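This is entry-v3.cif (mmCIF, C-alpha atoms).
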```cif
data_protein
loop_
_atom_site.label_atom_id
_atom_site.label_comp_id
_atom_site.auth_asym_id
_atom_site.auth_seq_id
_atom_site.Cartn_x
_atom_site.Cartn_y
_atom_site.Cartn_z
CA MET A 124 125.85 -7.83 226.49
CA THR A 125 127.40 -11.09 227.62
CA PRO A 126 130.64 -12.01 225.85
CA GLY A 127 130.50 -15.31 224.00
CA ARG A 128 132.70 -18.31 224.70
CA TYR A 129 134.84 -17.55 221.66
CA SER A 130 135.17 -13.81 222.10
CA GLU A 131 138.45 -11.95 222.47
CA ASP A 132 137.46 -11.27 226.08
CA GLN A 133 136.95 -14.94 226.96
CA LEU A 134 139.79 -16.39 224.90
CA VAL A 135 142.50 -13.82 225.57
CA GLU A 136 141.73 -11.09 228.11
CA GLN A 137 140.21 -13.14 230.93
CA PRO A 138 143.01 -15.76 230.91
CA ALA A 139 145.59 -12.93 230.99
CA ILE A 140 143.80 -11.34 233.96
CA ARG A 141 143.71 -14.69 235.79
CA LEU A 142 147.44 -15.13 235.19
CA PHE A 143 148.21 -11.71 236.68
CA GLU A 144 145.96 -12.50 239.67
CA GLU A 145 147.82 -15.78 240.20
CA LEU A 146 151.01 -13.72 240.30
CA GLY A 147 149.53 -11.58 243.10
CA TRP A 148 148.21 -8.59 241.15
CA GLU A 149 144.94 -6.96 242.20
CA HIS A 150 142.54 -6.53 239.27
CA ILE A 151 140.05 -3.73 238.57
CA ASP A 152 137.79 -3.48 235.52
CA ALA A 153 137.62 0.25 234.70
CA TYR A 154 135.25 0.13 231.73
CA SER A 155 132.57 2.07 233.66
CA GLU A 156 135.02 3.96 235.90
CA MET A 157 133.53 6.73 238.02
CA LEU A 158 135.95 9.63 238.29
CA GLY A 159 136.88 11.68 241.35
CA PRO A 160 138.56 11.01 244.70
CA MET A 161 135.93 8.42 245.66
CA GLY A 162 136.02 6.82 242.20
CA LEU A 163 137.35 3.42 241.27
CA LEU A 164 140.94 4.56 240.62
CA GLY A 165 140.88 8.03 242.18
CA ARG A 166 141.49 9.79 238.87
CA ASP A 167 139.95 13.24 238.43
CA ASN A 168 139.80 12.88 234.65
CA ARG A 169 140.64 10.39 231.93
CA SER A 170 143.80 12.21 230.87
CA GLU A 171 145.52 11.14 234.12
CA VAL A 172 147.74 8.13 233.52
CA PHE A 173 149.33 7.96 236.98
CA LEU A 174 147.26 6.87 239.96
CA THR A 175 148.52 9.66 242.21
CA GLY A 176 146.70 8.55 245.35
CA ARG A 177 148.33 5.13 245.16
CA LEU A 178 151.70 6.68 244.25
CA ARG A 179 151.53 9.07 247.20
CA GLY A 180 150.63 6.21 249.56
CA ALA A 181 153.55 4.11 248.28
CA ILE A 182 156.04 6.95 248.72
CA ILE A 183 154.83 7.51 252.30
CA ARG A 184 155.01 3.76 253.03
CA LEU A 185 158.49 3.31 251.49
CA ASN A 186 159.98 6.46 253.05
CA PRO A 187 158.71 6.61 256.64
CA GLY A 188 159.11 9.90 258.46
CA MET A 189 159.47 12.06 255.35
CA PRO A 190 157.59 15.37 255.55
CA VAL A 191 154.48 15.87 253.41
CA GLU A 192 156.28 18.51 251.32
CA ALA A 193 158.98 16.01 250.33
CA VAL A 194 156.39 13.40 249.38
CA GLU A 195 154.52 15.96 247.24
CA GLN A 196 157.78 16.98 245.52
CA ALA A 197 158.39 13.33 244.61
CA VAL A 198 154.82 12.87 243.31
CA ASP A 199 155.12 16.06 241.25
CA GLU A 200 158.46 14.99 239.75
CA ILE A 201 157.28 11.50 238.81
CA THR A 202 153.99 12.72 237.30
CA ARG A 203 155.43 15.81 235.57
CA PRO A 204 154.28 15.92 231.94
CA ARG A 205 156.98 14.84 229.53
CA THR A 206 154.96 15.13 226.33
CA ALA A 207 157.23 17.82 224.85
CA MET A 208 160.26 15.53 225.20
CA HIS A 209 161.34 12.88 222.71
CA TYR A 210 159.77 9.65 223.94
CA ALA A 211 163.15 7.91 224.40
CA ARG A 212 164.47 10.80 226.53
CA ALA A 213 161.27 10.92 228.58
CA ASN A 214 161.45 7.17 229.13
CA ALA A 215 165.10 7.35 230.21
CA GLU A 216 164.37 10.19 232.62
CA LEU A 217 161.51 8.33 234.27
CA HIS A 218 163.55 5.12 234.39
CA ALA A 219 166.33 6.96 236.24
CA LEU A 220 163.85 8.32 238.79
CA LEU A 221 162.45 4.84 239.45
CA ARG A 222 165.88 3.22 239.64
CA ASP A 223 167.89 5.89 241.47
CA ARG A 224 165.06 7.36 243.55
CA VAL A 225 163.61 10.86 243.35
CA GLU A 226 165.68 13.73 244.71
CA VAL A 227 163.73 16.19 246.87
CA SER A 228 164.63 19.06 249.21
CA VAL A 229 163.82 18.55 252.88
CA ARG A 230 163.60 21.58 255.15
CA GLN A 231 165.61 21.16 258.34
CA PRO A 232 164.69 22.56 261.78
CA ASP A 233 167.22 25.40 261.33
CA GLY A 234 165.50 26.50 258.08
CA THR A 235 168.08 25.09 255.68
CA THR A 236 167.24 22.42 253.13
CA LEU A 237 169.07 19.19 252.44
CA PRO A 238 168.64 16.84 249.49
CA GLU A 239 167.07 13.44 250.12
CA ARG A 240 166.25 10.62 247.72
CA LEU A 241 162.84 9.00 248.03
CA SER A 242 162.02 5.52 246.80
CA VAL A 243 158.94 4.99 244.68
CA ILE A 244 159.46 1.24 244.16
CA ASP A 245 161.04 -1.24 246.56
CA TRP A 246 163.36 -3.22 244.27
CA GLU A 247 164.69 -5.40 247.10
CA VAL A 248 161.39 -6.61 248.61
CA PRO A 249 158.71 -6.81 245.89
CA GLU A 250 156.02 -7.55 248.48
CA ASN A 251 156.38 -3.95 249.69
CA ASN A 252 154.92 -2.74 246.39
CA HIS A 253 151.31 -2.64 245.23
CA PHE A 254 150.60 -4.37 241.92
CA LEU A 255 147.37 -3.39 240.17
CA LEU A 256 146.15 -4.61 236.79
CA VAL A 257 143.46 -2.39 235.28
CA SER A 258 141.40 -3.69 232.38
CA GLN A 259 139.51 -1.49 229.92
CA LEU A 260 141.19 1.75 231.03
CA TRP A 261 140.00 4.83 229.15
CA VAL A 262 142.73 7.39 228.42
CA HIS A 263 142.00 10.71 226.72
CA SER A 264 144.56 13.07 225.21
CA ASP A 265 144.33 16.12 222.99
CA LEU A 266 144.48 13.87 219.93
CA TYR A 267 142.94 10.54 220.92
CA LYS A 268 140.47 8.74 223.11
CA ARG A 269 141.59 5.16 223.63
CA ARG A 270 140.67 2.22 225.81
CA ALA A 271 143.62 0.02 226.77
CA ASP A 272 142.93 -3.66 227.33
CA LEU A 273 145.33 -4.11 230.26
CA VAL A 274 147.54 -1.62 232.11
CA GLY A 275 149.74 -2.78 234.97
CA PHE A 276 150.47 -0.23 237.69
CA VAL A 277 153.21 -0.64 240.29
CA ASN A 278 152.60 1.77 243.16
CA GLY A 279 150.34 3.83 240.89
CA ILE A 280 152.91 4.07 238.06
CA PRO A 281 151.86 2.58 234.71
CA LEU A 282 154.63 0.16 233.79
CA VAL A 283 152.86 -2.56 231.77
CA PHE A 284 150.69 -1.97 228.70
CA ILE A 285 149.05 -4.92 226.95
CA GLU A 286 146.77 -4.66 223.94
CA LEU A 287 145.09 -7.99 223.20
CA LYS A 288 143.58 -9.26 219.99
CA ALA A 289 141.80 -12.49 219.15
CA SER A 290 143.87 -14.86 217.04
CA HIS A 291 141.29 -14.92 214.22
CA VAL A 292 141.38 -11.11 213.71
CA ASN A 293 143.55 -9.82 210.87
CA LEU A 294 146.27 -7.68 212.43
CA LYS A 295 145.68 -4.88 209.89
CA HIS A 296 142.08 -4.62 211.12
CA ALA A 297 142.76 -5.10 214.81
#
```

Please go through the file and, once you have read it, give me the structure as C-alpha coordinates.
Amino acid sequence: MTPGRYSEDQLVEQPAIRLFEELGWEHIDAYSEMLGPMGLLGRDNRSEVFLTGRLRGAIIRLNPGMPVEAVEQAVDEITRPRTAMHYARANAELHALLRDRVEVSVRQPDGTTLPERLSVIDWEVPENNHFLLVSQLWVHSDLYKRRADLVGFVNGIPLVFIELKASHVNLKHA
(Lines of atoms letter the chains of each structure in order from A and count residues from 1; the text may use other names and numbers.)
(Lines give C-alpha, C1' and ligand atoms only; values in the text may rest on other atoms or scores of the structure.)
Protein backbone atom coordinates (compact mmCIF):
# COMPACT_ATOMS: atom_id res chain seq x y z
CA MET A 1 0.00 0.00 0.00
CA THR A 2 1.41 3.36 -1.01
CA PRO A 3 0.61 6.20 1.40
CA GLY A 4 -1.32 9.06 -0.18
CA ARG A 5 -0.13 12.64 -0.43
CA TYR A 6 -2.39 13.68 2.43
CA SER A 7 -1.74 10.77 4.77
CA GLU A 8 -0.38 11.09 8.30
CA ASP A 9 2.82 9.47 7.02
CA GLN A 10 3.38 12.02 4.25
CA LEU A 11 2.17 15.10 6.10
CA VAL A 12 3.68 14.48 9.52
CA GLU A 13 6.00 11.48 9.89
CA GLN A 14 8.19 11.87 6.80
CA PRO A 15 8.87 15.59 7.43
CA ALA A 16 9.79 14.76 11.05
CA ILE A 17 12.18 12.04 9.85
CA ARG A 18 13.78 14.44 7.35
CA LEU A 19 14.26 17.02 10.12
CA PHE A 20 16.04 14.48 12.34
CA GLU A 21 18.22 13.41 9.39
CA GLU A 22 19.14 17.05 8.76
CA LEU A 23 20.23 17.19 12.40
CA GLY A 24 22.56 14.22 11.80
CA TRP A 25 20.43 11.32 13.04
CA GLU A 26 20.56 7.99 11.21
CA HIS A 27 17.07 6.69 10.36
CA ILE A 28 15.80 3.09 10.27
CA ASP A 29 12.24 2.03 9.45
CA ALA A 30 11.54 -0.97 11.71
CA TYR A 31 8.01 -1.81 10.57
CA SER A 32 9.16 -5.18 9.16
CA GLU A 33 12.07 -5.63 11.58
CA MET A 34 13.78 -9.01 11.53
CA LEU A 35 14.84 -10.01 15.02
CA GLY A 36 18.11 -11.57 16.16
CA PRO A 37 21.78 -10.54 16.21
CA MET A 38 21.84 -10.08 12.44
CA GLY A 39 18.49 -8.25 12.44
CA LEU A 40 17.86 -4.61 11.70
CA LEU A 41 18.31 -3.39 15.29
CA GLY A 42 19.92 -6.45 16.89
CA ARG A 43 16.99 -7.06 19.23
CA ASP A 44 16.25 -10.67 20.18
CA ASN A 45 12.58 -9.93 20.81
CA ARG A 46 10.13 -7.06 20.68
CA SER A 47 10.09 -6.58 24.45
CA GLU A 48 13.65 -5.19 24.32
CA VAL A 49 13.60 -1.40 24.42
CA PHE A 50 17.37 -0.84 24.67
CA LEU A 51 19.59 -1.56 21.68
CA THR A 52 22.20 -3.41 23.72
CA GLY A 53 24.65 -3.99 20.87
CA ARG A 54 24.81 -0.27 20.16
CA LEU A 55 24.96 0.52 23.89
CA ARG A 56 27.83 -1.92 24.42
CA GLY A 57 29.71 -0.44 21.45
CA ALA A 58 29.25 3.10 22.79
CA ILE A 59 30.50 2.16 26.26
CA ILE A 60 33.60 0.52 24.75
CA ARG A 61 34.20 3.55 22.50
CA LEU A 62 33.71 6.12 25.30
CA ASN A 63 35.76 4.20 27.90
CA PRO A 64 38.82 2.84 26.11
CA GLY A 65 40.80 0.16 27.88
CA MET A 66 38.01 -0.95 30.22
CA PRO A 67 37.79 -4.72 30.66
CA VAL A 68 34.86 -6.61 29.11
CA GLU A 69 33.48 -7.42 32.57
CA ALA A 70 33.21 -3.72 33.43
CA VAL A 71 31.46 -2.96 30.15
CA GLU A 72 28.98 -5.79 30.76
CA GLN A 73 28.30 -4.51 34.29
CA ALA A 74 27.47 -1.08 32.85
CA VAL A 75 25.19 -2.57 30.17
CA ASP A 76 23.42 -4.68 32.79
CA GLU A 77 22.90 -1.71 35.10
CA ILE A 78 21.53 0.58 32.39
CA THR A 79 19.19 -2.08 30.97
CA ARG A 80 18.06 -3.51 34.32
CA PRO A 81 14.25 -3.75 34.42
CA ARG A 82 12.69 -0.99 36.48
CA THR A 83 9.05 -1.94 35.90
CA ALA A 84 8.39 -2.61 39.60
CA MET A 85 9.51 0.93 40.50
CA HIS A 86 7.34 4.03 40.40
CA TYR A 87 7.94 5.58 36.99
CA ALA A 88 9.30 8.85 38.45
CA ARG A 89 11.82 6.97 40.63
CA ALA A 90 12.87 4.76 37.72
CA ASN A 91 13.31 7.82 35.51
CA ALA A 92 15.39 9.61 38.16
CA GLU A 93 17.60 6.55 38.65
CA LEU A 94 18.28 6.19 34.94
CA HIS A 95 18.87 9.93 34.60
CA ALA A 96 21.51 9.78 37.35
CA LEU A 97 23.29 6.90 35.58
CA LEU A 98 23.38 8.83 32.30
CA ARG A 99 24.49 12.07 33.94
CA ASP A 100 26.92 10.80 36.59
CA ARG A 101 28.15 7.70 34.75
CA VAL A 102 27.68 4.07 35.74
CA GLU A 103 29.68 2.74 38.67
CA VAL A 104 31.27 -0.67 38.07
CA SER A 105 33.87 -2.80 39.84
CA VAL A 106 37.14 -3.36 37.99
CA ARG A 107 39.36 -6.26 39.02
CA GLN A 108 42.97 -5.22 39.52
CA PRO A 109 46.06 -7.36 38.76
CA ASP A 110 46.45 -8.15 42.48
CA GLY A 111 42.89 -9.57 42.64
CA THR A 112 41.28 -6.61 44.40
CA THR A 113 38.50 -4.58 42.83
CA LEU A 114 38.25 -0.83 42.52
CA PRO A 115 35.22 1.25 41.56
CA GLU A 116 35.24 3.01 38.20
CA ARG A 117 32.60 5.16 36.52
CA LEU A 118 31.86 4.48 32.86
CA SER A 119 30.32 7.00 30.51
CA VAL A 120 27.38 5.97 28.36
CA ILE A 121 26.90 9.37 26.70
CA ASP A 122 29.56 11.95 25.85
CA TRP A 123 27.96 15.19 27.06
CA GLU A 124 30.97 17.31 26.07
CA VAL A 125 31.43 16.20 22.45
CA PRO A 126 28.04 15.22 20.96
CA GLU A 127 29.72 13.91 17.80
CA ASN A 128 31.12 11.04 19.88
CA ASN A 129 27.58 9.68 20.30
CA HIS A 130 25.45 7.70 17.88
CA PHE A 131 22.01 9.17 17.15
CA LEU A 132 19.44 6.78 15.69
CA LEU A 133 15.81 7.54 14.89
CA VAL A 134 13.67 4.42 14.51
CA SER A 135 10.26 4.70 12.90
CA GLN A 136 7.45 2.19 13.35
CA LEU A 137 9.11 0.37 16.27
CA TRP A 138 7.08 -2.54 17.64
CA VAL A 139 7.25 -2.95 21.42
CA HIS A 140 5.54 -5.81 23.24
CA SER A 141 4.92 -6.04 26.98
CA ASP A 142 2.84 -8.34 29.15
CA LEU A 143 -0.13 -6.00 28.72
CA TYR A 144 0.25 -4.33 25.33
CA LYS A 145 1.58 -4.59 21.82
CA ARG A 146 2.26 -1.13 20.45
CA ARG A 147 3.98 0.43 17.47
CA ALA A 148 5.66 3.75 18.20
CA ASP A 149 5.87 6.25 15.37
CA LEU A 150 9.34 7.58 16.21
CA VAL A 151 11.84 6.57 18.90
CA GLY A 152 15.16 8.36 19.19
CA PHE A 153 18.08 6.34 20.56
CA VAL A 154 21.33 7.87 21.76
CA ASN A 155 23.99 5.17 21.99
CA GLY A 156 21.25 2.53 22.03
CA ILE A 157 19.29 4.19 24.86
CA PRO A 158 15.72 5.27 24.03
CA LEU A 159 15.55 8.94 24.97
CA VAL A 160 13.01 10.41 22.53
CA PHE A 161 9.46 9.13 21.98
CA ILE A 162 7.21 10.82 19.44
CA GLU A 163 3.69 9.73 18.59
CA LEU A 164 2.37 11.57 15.54
CA LYS A 165 -1.18 12.19 14.44
CA ALA A 166 -2.61 13.91 11.39
CA SER A 167 -4.13 17.30 12.13
CA HIS A 168 -7.57 16.27 10.83
CA VAL A 169 -7.89 13.31 13.26
CA ASN A 170 -9.94 13.90 16.41
CA LEU A 171 -7.58 13.50 19.36
CA LYS A 172 -10.08 11.26 21.19
CA HIS A 173 -9.93 8.82 18.26
CA ALA A 174 -6.22 9.08 17.57

Skip region 141-156 of chain A itself and residues of its chain fewer than 2 positions away, then list as a PyMOL selection string all residues within 12 Å of it, counting only C-alpha atoms. chain A and resi 133-139+158-169+249-250+252-262+269-278+283+285

Output of the PyMOL selection byres ((chain A and resi 201) around 8), listed as a ChimeraX atom specification: /A:197-200,202-203,217,220,225

Test item: the PyMOL selection byres ((chain A and resi 245) around 10) resolved as a PyMOL selection string: chain A and resi 181-182+185+221-222+224+242-244+246-253+278

Go ahead and compute the interatomic distance for CA of Ser170 (chain A) and CA of Ile183 (chain A), in Å to one decimal. 24.6 Å

Two-atom distance - CA of Pro281 (chain A), CA of Lys268 (chain A) (Å): 17.4 Å

Using CA of His209 (chain A) and CA of Arg240 (chain A) as the two end points, give the distance in Å to one decimal.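 These two atoms are separated by 25.6 Å.
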
Take every atom of region 224-231 of chain A listed in the file, pad by 4 Å on each side, and give me the axis-aligned box centre and edge lengths in Å, one decimal, as AutoDock Vina command-line options.
```
--center_x 164.6 --center_y 14.5 --center_z 250.8 --size_x 10.1 --size_y 22.2 --size_z 23.0
```

Have a look at A:Leu287, A:Ala211, A:Leu237, A:Ile280 and name the one nearest to Glu171 (chain A); count all atoms listed in the file.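 Among A:Leu287, A:Ala211, A:Leu237, A:Ile280, it is A:Ile280 that comes nearest to Glu171 (chain A).
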
Selected residue, from A:Met208, A:Glu226, A:Pro190, A:Glu195, that lies nearest to Pro238 (chain A) when counting all atoms listed in the file: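 Counting all atoms listed in the file, the residue closest to Pro238 (chain A) is A:Glu226.
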